$ cat start-v3.csv   # CSV, C-alpha atoms
chain,number,residue,atom,x,y,z
O,29,MET,CA,79.9,-115.6,211.7
O,30,ARG,CA,83.0,-114.4,209.9
O,31,ALA,CA,83.9,-116.0,206.6
O,32,TYR,CA,85.6,-115.4,203.3
O,33,GLU,CA,84.3,-115.9,199.8
O,34,VAL,CA,85.9,-116.0,196.4
O,35,GLU,CA,83.4,-113.9,194.6
O,36,ASP,CA,85.4,-113.9,191.4
O,37,SER,CA,88.8,-114.7,190.1
O,38,ALA,CA,90.9,-111.5,190.1
O,39,ALA,CA,94.4,-110.2,190.0
O,40,ASP,CA,96.2,-110.0,193.3
O,41,TYR,CA,93.3,-112.0,194.8
O,42,GLU,CA,91.0,-109.0,195.1
O,43,GLY,CA,88.1,-111.3,194.6
O,44,VAL,CA,88.7,-112.9,198.0
O,45,VAL,CA,86.5,-110.9,200.3
O,46,ALA,CA,85.4,-111.0,204.0
O,47,VAL,CA,81.7,-111.6,204.5
O,48,GLU,CA,79.3,-112.2,207.4
O,49,ARG,CA,77.2,-115.4,207.2
O,50,GLU,CA,74.6,-117.1,209.4
O,51,ARG,CA,76.1,-119.9,211.5
O,52,PRO,CA,75.0,-123.2,210.0
O,53,GLU,CA,73.1,-125.9,211.8
O,54,PRO,CA,74.0,-129.6,211.4
O,55,GLY,CA,71.4,-131.7,209.6
O,56,PRO,CA,71.0,-135.4,210.0
O,57,GLY,CA,74.3,-137.2,209.7
O,58,GLU,CA,76.3,-134.0,209.8
O,59,ALA,CA,78.7,-132.4,212.3
O,60,LEU,CA,79.2,-128.7,213.0
O,61,VAL,CA,82.8,-127.8,213.3
O,62,ARG,CA,84.3,-124.7,214.8
O,63,VAL,CA,87.2,-124.1,212.5
O,64,ARG,CA,90.4,-123.0,214.2
O,65,ALA,CA,92.9,-123.0,211.4
O,66,CYS,CA,93.2,-123.5,207.6
O,67,SER,CA,96.0,-124.0,205.1
O,68,LEU,CA,96.4,-123.0,201.5
O,69,ASN,CA,97.2,-125.2,198.5
O,70,TYR,CA,98.2,-124.3,194.9
O,71,ARG,CA,94.7,-125.2,193.9
O,72,ASP,CA,93.4,-122.2,195.9
O,73,LEU,CA,95.6,-119.8,194.0
O,74,ILE,CA,94.2,-121.0,190.7
O,75,ILE,CA,90.5,-120.8,191.9
O,76,ALA,CA,91.0,-117.2,193.3
O,77,GLY,CA,93.5,-115.8,190.9
O,78,GLU,CA,93.1,-117.5,187.5
O,79,GLY,CA,89.6,-119.0,187.6
O,80,HIS,CA,90.1,-122.1,185.4
O,81,TYR,CA,90.2,-124.8,188.0
O,82,PRO,CA,88.1,-127.8,186.8
O,83,GLY,CA,84.8,-128.0,188.5
O,84,ALA,CA,85.1,-124.8,190.6
O,85,GLU,CA,81.9,-122.8,191.1
O,86,LEU,CA,81.9,-119.2,192.3
O,87,PRO,CA,81.1,-117.7,194.7
O,88,VAL,CA,82.5,-120.2,197.2
O,89,VAL,CA,84.1,-120.2,200.6
O,90,PRO,CA,87.6,-121.2,199.8
O,91,LEU,CA,90.2,-123.7,201.1
O,92,SER,CA,89.7,-127.5,201.5
O,93,ASP,CA,92.2,-127.8,204.4
O,94,GLY,CA,91.0,-126.9,207.9
O,95,ALA,CA,91.0,-128.2,211.5
O,96,GLY,CA,88.8,-127.5,214.5
O,97,GLU,CA,86.5,-129.1,217.0
O,98,VAL,CA,83.1,-130.6,216.8
O,99,VAL,CA,80.6,-128.4,218.6
O,100,GLU,CA,77.3,-130.1,217.7
O,101,VAL,CA,76.2,-133.2,215.8
O,102,GLY,CA,73.0,-133.9,213.9
O,103,ALA,CA,70.5,-136.7,214.3
O,104,GLY,CA,71.9,-140.2,213.8
O,105,VAL,CA,75.6,-139.3,214.3
O,106,ARG,CA,77.4,-141.9,216.4
O,107,ARG,CA,81.0,-141.8,215.2
O,108,LEU,CA,81.8,-138.3,216.4
O,109,ALA,CA,80.9,-136.3,219.6
O,110,GLU,CA,81.2,-132.8,220.8
O,111,GLY,CA,84.8,-131.9,221.5
O,112,ASP,CA,86.4,-134.2,219.0
O,113,ARG,CA,89.2,-132.6,217.1
O,114,VAL,CA,88.9,-133.1,213.3
O,115,ALA,CA,90.2,-132.2,209.9
O,116,THR,CA,87.9,-131.1,207.1
O,117,PRO,CA,87.6,-133.3,204.0
O,118,PHE,CA,88.7,-132.6,200.5
O,119,ALA,CA,86.0,-134.9,198.9
O,120,PRO,CA,83.3,-135.3,201.5
O,121,ASP,CA,81.4,-138.0,199.7
O,122,TRP,CA,84.5,-140.3,199.5
O,123,VAL,CA,84.6,-142.2,202.7
O,124,ALA,CA,85.9,-145.6,201.7
O,125,GLY,CA,86.8,-147.8,198.7
O,126,GLU,CA,88.7,-147.0,195.5
O,127,GLY,CA,86.7,-143.9,194.7
O,128,SER,CA,84.6,-142.9,191.7
O,129,PRO,CA,83.9,-139.7,189.7
O,130,GLU,CA,80.6,-139.5,191.7
O,131,GLN,CA,82.5,-139.7,195.0
O,132,TRP,CA,85.0,-136.9,194.2
O,133,ALA,CA,82.6,-134.7,192.2
O,134,ARG,CA,81.9,-132.4,195.2
O,135,THR,CA,85.1,-130.8,196.5
O,136,THR,CA,85.5,-128.6,199.5
O,137,GLY,CA,86.5,-125.0,198.5
O,138,GLY,CA,85.9,-125.9,194.9
O,139,ASN,CA,82.2,-126.4,194.2
O,140,ILE,CA,81.0,-126.5,197.8
O,141,ASP,CA,81.8,-124.2,200.6
O,142,GLY,CA,85.2,-124.7,202.2
O,143,ALA,CA,87.0,-124.2,205.5
O,144,LEU,CA,87.7,-120.5,205.6
O,145,ARG,CA,84.9,-119.6,208.0
O,146,GLU,CA,84.3,-119.8,211.7
O,147,TYR,CA,81.8,-122.7,211.6
O,148,ALA,CA,81.2,-125.3,208.9
O,149,THR,CA,79.0,-128.4,208.6
O,150,PHE,CA,80.2,-131.6,206.9
O,151,PRO,CA,79.0,-135.2,206.7
O,152,ALA,CA,80.2,-136.7,210.0
O,153,GLU,CA,81.5,-139.8,208.2
O,154,SER,CA,83.8,-137.6,206.1
O,155,LEU,CA,85.7,-136.0,209.1
O,156,ALA,CA,89.0,-137.6,210.1
O,157,VAL,CA,90.1,-137.3,213.8
O,158,LEU,CA,93.4,-135.4,214.3
O,159,PRO,CA,96.5,-137.1,215.7
O,160,GLU,CA,96.6,-136.4,219.5
O,161,HIS,CA,99.9,-134.6,219.4
O,162,PHE,CA,98.9,-132.1,216.8
O,163,ASP,CA,97.7,-128.5,217.4
O,164,TYR,CA,95.1,-127.0,215.0
O,165,GLU,CA,97.7,-125.3,212.8
O,166,GLN,CA,99.4,-128.7,212.2
O,167,GLY,CA,96.0,-130.4,211.7
O,168,ALA,CA,95.0,-127.9,209.1
O,169,THR,CA,97.8,-129.1,206.8
O,170,LEU,CA,96.6,-132.6,206.2
O,171,SER,CA,93.4,-132.7,204.1
O,172,CYS,CA,94.9,-132.1,200.7
O,173,ALA,CA,98.7,-131.9,200.9
O,174,GLY,CA,99.3,-134.6,203.5
O,175,LEU,CA,96.7,-137.0,202.1
O,176,THR,CA,97.9,-136.5,198.5
O,177,ALA,CA,101.5,-137.4,199.4
O,178,TRP,CA,100.3,-140.4,201.5
O,179,ARG,CA,98.1,-141.8,198.8
O,180,ALA,CA,100.7,-141.3,196.1
O,181,LEU,CA,103.4,-143.2,198.0
O,182,VAL,CA,101.6,-145.6,200.2
O,183,GLU,CA,98.1,-146.3,199.0
O,184,ASP,CA,98.9,-146.3,195.3
O,185,GLY,CA,102.7,-146.8,195.3
O,186,ASP,CA,103.0,-149.5,198.0
O,187,LEU,CA,106.2,-147.8,199.2
O,188,THR,CA,108.4,-150.1,201.3
O,189,ALA,CA,111.6,-149.7,203.2
O,190,GLY,CA,114.8,-149.6,201.1
O,191,GLU,CA,113.1,-148.1,198.0
O,192,THR,CA,113.9,-144.6,196.6
O,193,VAL,CA,111.6,-141.6,196.3
O,194,LEU,CA,112.0,-138.4,194.3
O,195,ALA,CA,110.1,-135.4,195.6
O,196,LEU,CA,110.0,-132.3,193.3
O,197,GLY,CA,110.4,-129.1,195.2
O,198,THR,CA,109.7,-128.2,198.8
O,199,GLY,CA,106.1,-127.2,199.0
O,200,GLY,CA,103.4,-128.9,201.0
O,201,VAL,CA,102.9,-132.1,199.1
O,202,SER,CA,106.6,-132.7,198.5
O,203,THR,CA,107.6,-132.0,202.1
O,204,PHE,CA,105.0,-134.5,203.3
O,205,ALA,CA,106.3,-137.0,200.8
O,206,LEU,CA,109.8,-136.5,202.2
O,207,GLN,CA,108.6,-137.1,205.8
O,208,PHE,CA,106.4,-140.1,204.9
O,209,ALA,CA,109.2,-141.7,202.8
O,210,ASP,CA,111.8,-141.1,205.5
O,211,ALA,CA,109.5,-142.6,208.2
O,212,GLN,CA,109.0,-145.6,206.0
O,213,GLY,CA,112.7,-146.3,205.7
O,214,ALA,CA,113.0,-145.2,202.1
O,215,GLU,CA,115.8,-143.0,200.6
O,216,VAL,CA,114.7,-139.6,199.4
O,217,VAL,CA,115.9,-137.2,196.8
O,218,VAL,CA,114.6,-133.6,196.8
O,219,THR,CA,114.9,-131.0,194.1
O,220,SER,CA,114.8,-127.2,194.5
O,221,ALA,CA,116.2,-124.0,193.0
O,222,SER,CA,117.2,-122.9,196.5
O,223,ASP,CA,120.3,-124.3,198.3
O,224,GLU,CA,118.9,-123.0,201.5
O,225,LYS,CA,115.7,-125.0,201.1
O,226,LEU,CA,117.8,-128.0,200.1
O,227,ASP,CA,119.8,-127.7,203.3
O,228,ARG,CA,116.6,-127.7,205.3
O,229,ALA,CA,115.3,-130.7,203.4
O,230,ALA,CA,118.5,-132.6,204.3
O,231,GLU,CA,117.9,-131.8,207.9
O,232,TRP,CA,114.5,-133.3,207.6
O,233,GLY,CA,115.7,-136.5,206.1
O,234,ALA,CA,116.6,-136.0,202.4
O,235,ASP,CA,119.5,-138.3,201.5
O,236,GLU,CA,120.3,-136.5,198.2
O,237,THR,CA,119.5,-133.0,197.0
O,238,VAL,CA,119.7,-131.5,193.5
O,239,ASN,CA,119.5,-127.8,192.6
O,240,TYR,CA,117.6,-128.0,189.3
O,241,GLU,CA,118.8,-124.5,188.2
O,242,ASP,CA,122.4,-125.6,188.6
O,243,THR,CA,121.6,-129.0,187.0
O,244,PRO,CA,119.1,-128.5,184.2
O,245,GLU,CA,119.3,-132.2,183.3
O,246,TRP,CA,118.4,-133.2,186.8
O,247,GLY,CA,116.6,-136.4,185.8
O,248,GLU,CA,119.8,-137.9,184.6
O,249,ALA,CA,121.7,-136.7,187.7
O,250,VAL,CA,119.1,-138.3,190.0
O,251,ALA,CA,119.3,-141.6,188.1
O,252,GLU,CA,123.1,-141.6,188.4
O,253,ARG,CA,123.1,-140.8,192.1
O,254,THR,CA,120.6,-143.5,192.9
O,255,GLY,CA,122.2,-146.2,190.9
O,256,GLY,CA,119.8,-146.4,188.0
O,257,GLY,CA,116.8,-144.3,189.1
O,258,VAL,CA,114.2,-144.0,191.8
O,259,ASP,CA,111.3,-146.3,192.5
O,260,HIS,CA,108.8,-143.5,193.1
O,261,VAL,CA,108.4,-140.0,191.8
O,262,VAL,CA,106.1,-137.4,193.4
O,263,GLU,CA,105.5,-135.3,190.3
O,264,VAL,CA,103.9,-131.9,191.1
O,265,GLY,CA,105.4,-129.8,188.2
O,266,GLY,CA,103.3,-131.1,185.3
O,267,PRO,CA,104.4,-131.1,181.6
O,268,GLY,CA,107.3,-128.8,182.3
O,269,THR,CA,109.0,-131.3,184.6
O,270,LEU,CA,107.6,-134.7,183.6
O,271,ASP,CA,110.2,-135.5,181.0
O,272,GLN,CA,112.9,-135.1,183.6
O,273,SER,CA,110.9,-137.1,186.2
O,274,LEU,CA,110.5,-140.0,183.7
O,275,GLU,CA,114.3,-139.8,183.1
O,276,ALA,CA,114.9,-140.1,186.9
O,277,ALA,CA,112.6,-143.1,187.3
O,278,ALA,CA,114.0,-146.6,187.5
O,279,PRO,CA,112.8,-149.4,185.3
O,280,GLY,CA,109.4,-150.5,186.6
O,281,GLY,CA,109.1,-147.3,188.6
O,282,HIS,CA,105.9,-145.5,189.8
O,283,VAL,CA,105.3,-141.9,188.9
O,284,SER,CA,102.4,-140.1,190.6
O,285,LEU,CA,101.0,-137.1,188.7
O,286,ILE,CA,99.7,-134.6,191.2
O,287,GLY,CA,100.0,-131.0,190.0
O,288,VAL,CA,100.9,-128.5,187.3
O,289,LEU,CA,103.1,-126.0,189.3
O,290,ASP,CA,105.3,-125.5,186.2
O,291,GLY,CA,102.3,-124.7,184.0
O,292,PRO,CA,99.8,-126.8,182.1
O,293,ASP,CA,101.4,-126.6,178.7
O,294,GLY,CA,104.1,-128.8,177.2
O,295,GLN,CA,104.8,-132.0,175.3
O,296,VAL,CA,106.1,-135.2,176.9
O,297,HIS,CA,107.7,-138.0,174.9
O,298,PRO,CA,106.3,-141.5,175.9
O,299,GLY,CA,109.6,-143.2,175.2
O,300,PRO,CA,110.8,-143.6,178.8
O,301,VAL,CA,107.4,-144.9,179.9
O,302,LEU,CA,107.5,-147.6,177.3
O,303,GLY,CA,111.2,-148.3,177.5
O,304,LYS,CA,111.3,-148.7,181.2
O,305,GLY,CA,107.8,-150.1,181.8
O,306,LEU,CA,106.8,-147.2,184.1
O,307,THR,CA,103.5,-146.9,185.8
O,308,VAL,CA,102.3,-143.3,185.5
O,309,GLU,CA,99.2,-142.7,187.7
O,310,GLY,CA,97.1,-139.6,188.3
O,311,VAL,CA,96.1,-138.8,191.9
O,312,VAL,CA,92.4,-137.8,191.5
O,313,GLY,CA,90.1,-136.7,194.4
O,314,VAL,CA,93.0,-136.7,196.9
O,315,GLY,CA,91.8,-139.6,199.0
O,316,SER,CA,89.1,-141.2,201.1
O,317,ARG,CA,88.5,-140.7,204.8
O,318,GLU,CA,89.6,-144.3,205.5
O,319,MET,CA,92.9,-143.4,203.8
O,320,PHE,CA,93.0,-140.3,206.0
O,321,ASP,CA,92.6,-142.5,209.1
O,322,ARG,CA,95.4,-144.8,208.0
O,323,MET,CA,97.7,-141.8,207.4
O,324,ASN,CA,96.9,-140.4,210.8
O,325,ARG,CA,97.8,-143.7,212.5
O,326,ALA,CA,101.1,-143.7,210.7
O,327,ILE,CA,101.7,-140.0,211.6
O,328,ALA,CA,101.0,-140.8,215.3
O,329,ALA,CA,103.2,-144.0,215.3
O,330,ASN,CA,106.1,-142.1,213.8
O,331,ASP,CA,105.6,-138.9,215.7
O,332,ILE,CA,105.6,-136.9,212.4
O,333,GLU,CA,105.0,-133.2,212.7
O,334,PRO,CA,104.0,-131.2,209.6
O,335,VAL,CA,106.2,-128.3,208.5
O,336,VAL,CA,104.3,-125.0,208.9
O,337,ASP,CA,106.3,-122.3,207.2
O,338,ARG,CA,104.3,-119.3,208.2
O,339,THR,CA,101.0,-118.5,209.9
O,340,PHE,CA,98.7,-115.6,209.0
O,341,GLY,CA,95.8,-114.1,211.0
O,342,PHE,CA,92.2,-114.2,209.8
O,343,ASP,CA,92.5,-110.6,208.6
O,344,GLU,CA,95.6,-111.3,206.5
O,345,VAL,CA,94.1,-113.9,204.1
O,346,ARG,CA,95.1,-112.1,200.9
O,347,ASP,CA,98.6,-111.8,202.3
O,348,ALA,CA,98.6,-115.5,202.8
O,349,TYR,CA,97.6,-116.1,199.2
O,350,ARG,CA,100.3,-113.7,198.0
O,351,TYR,CA,103.0,-115.4,200.1
O,352,LEU,CA,102.1,-118.8,198.8
O,353,GLU,CA,102.2,-117.5,195.2
O,354,SER,CA,105.7,-116.0,195.9
O,355,GLY,CA,107.2,-119.5,196.3
O,356,GLU,CA,109.2,-118.4,199.3
O,357,HIS,CA,107.5,-121.0,201.6
O,358,GLN,CA,108.8,-124.4,202.5
O,359,GLY,CA,106.1,-126.6,203.8
O,360,LYS,CA,102.6,-125.2,204.5
O,361,VAL,CA,101.1,-121.7,204.8
O,362,VAL,CA,98.4,-121.5,207.5
O,363,VAL,CA,95.7,-119.1,208.4
O,364,THR,CA,94.4,-119.1,212.0
O,365,LEU,CA,90.9,-118.1,213.0
O,366,ASP,CA,91.4,-117.4,216.7

$ encode --input "start-v3.csv" --output "structure tokens"
Amino acid sequence: MRAYEVEDSAADYEGVVAVERERPEPGPGEALVRVRACSLNYRDLIIAGEGHYPGAELPVVPLSDGAGEVVEVGAGVRRLAEGDRVATPFAPDWVAGEGSPEQWARTTGGNIDGALREYATFPAESLAVLPEHFDYEQGATLSCAGLTAWRALVEDGDLTAGETVLALGTGGVSTFALQFADAQGAEVVVTSASDEKLDRAAEWGADETVNYEDTPEWGEAVAERTGGGVDHVVEVGGPGTLDQSLEAAAPGGHVSLIGVLDGPDGQVHPGPVLGKGLTVEGVVGVGSREMFDRMNRAIAANDIEPVVDRTFGFDEVRDAYRYLESGEHQGKVVVTLD
């Protein structure tokens, strides 16, 4: 079967190479999935390009996020059957509960083989069934970006109608956060350096938009526009943006720490956390399959459709990596295997 491996971290993603592998067979408790589409996350750029992602082990088949259909199940599998349309798991050992370091120790596309291959086996209990109205390209966006945003706002943040949410940027996680918050009846503020992207975000439900290049002190601007700050911040920038995110948060607000898109270095003053009684919470391990199921029910009930910015063919994988790195995208970057 066709597959890709990250053989080593290299400039311009030259370490991402096409390989031929034996088609796997499902063992007891496993399902064999024919993968139809995958999507990329910032994590994948770090693993393939920089090589310092915690816990990653090379060589590895990359990408945590994929979608396809079950073509065979192993002994003892009752929950899934041939023909079921499923999404691949980020942390295949985390099915239910609050999660533990042991349950999120193995990560798809990090230290175990990921989704960028024609066939893949996973524990059947780890696979979430896709919403019926999704195609495979849409289904491939959910495992990391979608579930991370859902967990940050709903599972951890207890988001309710009438609250306010700040989503930093317009990448995969932030766009899902916009969609989930809007569906929940919350007001949403979106930041970007692109007025064009902000205009699209407004079309998708953003109530306020802020160009952070035009407004360097955007935290104060967000707090002013929302009458004292937002209830939830989806913080994907890291130390380079966290000070402004804390400034934007309302007293008693919830800040979800998700990524380091702005780089890992920097210093953050704890004053706003103490002065406003903020809850700052890291999103580790993305989420369990039961969280995935709850998200998918909400997606189906609200007829939410993921934003797929651009789709690449299976022979264009390095181009997909480069496009994601360029930052030109808004929403998700997808690779199809058909």

$ closest_atom_pairs --input "start-v3.csv" --of "stretch 46-91 of chain O" --to "stretch 146-168 of chain O" --cutoff "6 Å" --atoms "all atoms listed in the file" --output "JSON lines"
{"residue": "O:Pro54", "atom": "CA", "partner": "O:Thr149", "partner_atom": "CA", "distance": 5.9}
{"residue": "O:Gly57", "atom": "CA", "partner": "O:Pro151", "partner_atom": "CA", "distance": 5.9}
{"residue": "O:Glu58", "atom": "CA", "partner": "O:Pro151", "partner_atom": "CA", "distance": 4.3}
{"residue": "O:Ala59", "atom": "CA", "partner": "O:Ala152", "partner_atom": "CA", "distance": 5.1}
{"residue": "O:Leu60", "atom": "CA", "partner": "O:Thr149", "partner_atom": "CA", "distance": 4.4}
{"residue": "O:Val61", "atom": "CA", "partner": "O:Ala148", "partner_atom": "CA", "distance": 5.3}
{"residue": "O:Arg62", "atom": "CA", "partner": "O:Tyr147", "partner_atom": "CA", "distance": 4.5}
{"residue": "O:Val63", "atom": "CA", "partner": "O:Glu146", "partner_atom": "CA", "distance": 5.2}
{"residue": "O:Ala65", "atom": "CA", "partner": "O:Glu165", "partner_atom": "CA", "distance": 5.5}
{"residue": "O:Cys66", "atom": "CA", "partner": "O:Ala168", "partner_atom": "CA", "distance": 5.0}
{"residue": "O:Ser67", "atom": "CA", "partner": "O:Ala168", "partner_atom": "CA", "distance": 5.7}

$ residues_around --input "start-v3.csv" --residues "stretch 276-286 of chain O" --least-positions-apart "6" --cutoff "6 Å" --atoms "only C-alpha atoms" --output "number ranges by chain"
O: 180, 247-248, 250-251, 256-264, 304-311

$ atom_distance --input "start-v3.csv" --atom1 "atom CA of O:Val34" --atom2 "atom CA of O:Val88"
5.5 Å

$ residues_around --input "start-v3.csv" --residues "O:Phe320" --least-positions-apart "4" --cutoff "9 Å" --atoms "only C-alpha atoms" --output "ChimeraX atom specification"
/O:156-157,170-171,174-175,178-179,315-316,324-325

$ residues_around --input "start-v3.csv" --residues "O:Trp122" --least-positions-apart "5" --cutoff "7 Å" --atoms "only C-alpha atoms" --output "ChimeraX atom specification"
/O:127,131-132,316-317

$ residues_near_point --input "start-v3.csv" --point "(93.7, -115.6, 192.4)" --cutoff "12 Å" --atoms "all atoms listed in the file" --output "ChimeraX atom specification"
/O:33-45,69-81,90,345-350,352-353

$ closest_residue --input "start-v3.csv" --among "O:Ser222, O:Asn330, O:Thr243, O:Thr254" --to "O:Gly355" --atoms "only C-alpha atoms"
O:Ser222

$ closest_residue --input "start-v3.csv" --among "O:Val101, O:Asp112, O:Val314, O:Thr169" --to "O:Thr135" --atoms "all atoms listed in the file"
O:Val314

$ atom_distance --input "start-v3.csv" --atom1 "atom CA of O:Val363" --atom2 "atom CA of O:Pro52"
21.2 Å

$ residues_around --input "start-v3.csv" --residues "O:Ser202" --least-positions-apart "4" --cutoff "9 Å" --atoms "only C-alpha atoms" --output "list in words"
Ala173, Ala177, Leu194, Ala195, Leu196, Gly197, Thr198, Leu206, Gln207, Val218, Val262, Glu263, Val264 and Gly359 of chain O

$ decode --input "start-v3.csv" --residues "stretch 56-83 of chain O" --atoms "N, CA and C atoms" --output "mmCIF file, in the first residue's frame"
data_model
loop_
_atom_site.group_PDB
_atom_site.id
_atom_site.type_symbol
_atom_site.label_atom_id
_atom_site.label_comp_id
_atom_site.auth_asym_id
_atom_site.auth_seq_id
_atom_site.Cartn_x
_atom_site.Cartn_y
_atom_site.Cartn_z
ATOM 1 N N PRO O 56 -7.109 -8.556 17.446
ATOM 2 C CA PRO O 56 -8.271 -8.554 18.344
ATOM 3 C C PRO O 56 -8.551 -7.154 18.866
ATOM 4 N N GLY O 57 -9.800 -6.750 18.781
ATOM 5 C CA GLY O 57 -10.201 -5.434 19.269
ATOM 6 C C GLY O 57 -9.893 -4.290 18.346
ATOM 7 N N GLU O 58 -9.337 -4.565 17.163
ATOM 8 C CA GLU O 58 -8.950 -3.509 16.239
ATOM 9 C C GLU O 58 -9.870 -3.446 15.023
ATOM 10 N N ALA O 59 -9.822 -2.311 14.346
ATOM 11 C CA ALA O 59 -10.525 -2.120 13.076
ATOM 12 C C ALA O 59 -9.523 -1.664 12.025
ATOM 13 N N LEU O 60 -9.692 -2.195 10.820
ATOM 14 C CA LEU O 60 -8.874 -1.767 9.685
ATOM 15 C C LEU O 60 -9.646 -0.702 8.921
ATOM 16 N N VAL O 61 -9.023 0.461 8.733
ATOM 17 C CA VAL O 61 -9.668 1.607 8.096
ATOM 18 C C VAL O 61 -8.999 1.885 6.757
ATOM 19 N N ARG O 62 -9.786 1.998 5.719
ATOM 20 C CA ARG O 62 -9.273 2.517 4.461
ATOM 21 C C ARG O 62 -9.348 4.034 4.538
ATOM 22 N N VAL O 63 -8.211 4.677 4.601
ATOM 23 C CA VAL O 63 -8.154 6.124 4.799
ATOM 24 C C VAL O 63 -8.434 6.823 3.474
ATOM 25 N N ARG O 64 -9.361 7.760 3.497
ATOM 26 C CA ARG O 64 -9.749 8.495 2.289
ATOM 27 C C ARG O 64 -9.212 9.921 2.256
ATOM 28 N N ALA O 65 -9.007 10.521 3.416
ATOM 29 C CA ALA O 65 -8.511 11.905 3.465
ATOM 30 C C ALA O 65 -7.840 12.139 4.810
ATOM 31 N N CYS O 66 -6.907 13.087 4.833
ATOM 32 C CA CYS O 66 -6.200 13.492 6.055
ATOM 33 C C CYS O 66 -6.132 15.017 6.085
ATOM 34 N N SER O 67 -5.876 15.564 7.249
ATOM 35 C CA SER O 67 -5.600 17.000 7.316
ATOM 36 C C SER O 67 -4.385 17.254 8.182
ATOM 37 N N LEU O 68 -3.755 18.413 7.957
ATOM 38 C CA LEU O 68 -2.525 18.772 8.653
ATOM 39 C C LEU O 68 -2.810 19.735 9.788
ATOM 40 N N ASN O 69 -1.979 19.631 10.821
ATOM 41 C CA ASN O 69 -1.988 20.551 11.946
ATOM 42 C C ASN O 69 -0.590 21.133 12.131
ATOM 43 N N TYR O 70 -0.503 22.213 12.879
ATOM 44 C CA TYR O 70 0.792 22.840 13.136
ATOM 45 C C TYR O 70 1.772 21.857 13.758
ATOM 46 N N ARG O 71 1.272 20.966 14.584
ATOM 47 C CA ARG O 71 2.090 19.904 15.175
ATOM 48 C C ARG O 71 2.858 19.134 14.106
ATOM 49 N N ASP O 72 2.207 18.867 12.982
ATOM 50 C CA ASP O 72 2.851 18.097 11.916
ATOM 51 C C ASP O 72 4.021 18.851 11.298
ATOM 52 N N LEU O 73 3.917 20.168 11.233
ATOM 53 C CA LEU O 73 5.031 20.975 10.731
ATOM 54 C C LEU O 73 6.233 20.874 11.658
ATOM 55 N N ILE O 74 5.990 20.883 12.959
ATOM 56 C CA ILE O 74 7.091 20.797 13.915
ATOM 57 C C ILE O 74 7.790 19.446 13.804
ATOM 58 N N ILE O 75 6.995 18.366 13.754
ATOM 59 C CA ILE O 75 7.582 17.023 13.702
ATOM 60 C C ILE O 75 8.425 16.843 12.448
ATOM 61 N N ALA O 76 7.912 17.289 11.305
ATOM 62 C CA ALA O 76 8.606 17.059 10.034
ATOM 63 C C ALA O 76 9.665 18.101 9.725
ATOM 64 N N GLY O 77 9.517 19.312 10.268
ATOM 65 C CA GLY O 77 10.421 20.376 9.883
ATOM 66 C C GLY O 77 11.433 20.777 10.925
ATOM 67 N N GLU O 78 11.042 20.697 12.210
ATOM 68 C CA GLU O 78 11.921 21.187 13.269
ATOM 69 C C GLU O 78 12.441 20.071 14.169
ATOM 70 N N GLY O 79 11.611 19.038 14.370
ATOM 71 C CA GLY O 79 12.073 17.856 15.074
ATOM 72 C C GLY O 79 12.135 17.941 16.578
ATOM 73 N N HIS O 80 11.490 18.931 17.199
ATOM 74 C CA HIS O 80 11.562 19.018 18.656
ATOM 75 C C HIS O 80 10.184 18.899 19.307
ATOM 76 N N TYR O 81 9.275 18.176 18.647
ATOM 77 C CA TYR O 81 7.949 17.994 19.246
ATOM 78 C C TYR O 81 8.039 16.954 20.359
ATOM 79 N N PRO O 82 7.509 17.260 21.553
ATOM 80 C CA PRO O 82 7.647 16.333 22.686
ATOM 81 C C PRO O 82 7.044 14.965 22.376
ATOM 82 N N GLY O 83 7.832 13.931 22.626
ATOM 83 C CA GLY O 83 7.340 12.571 22.495
ATOM 84 C C GLY O 83 7.365 11.981 21.103
#
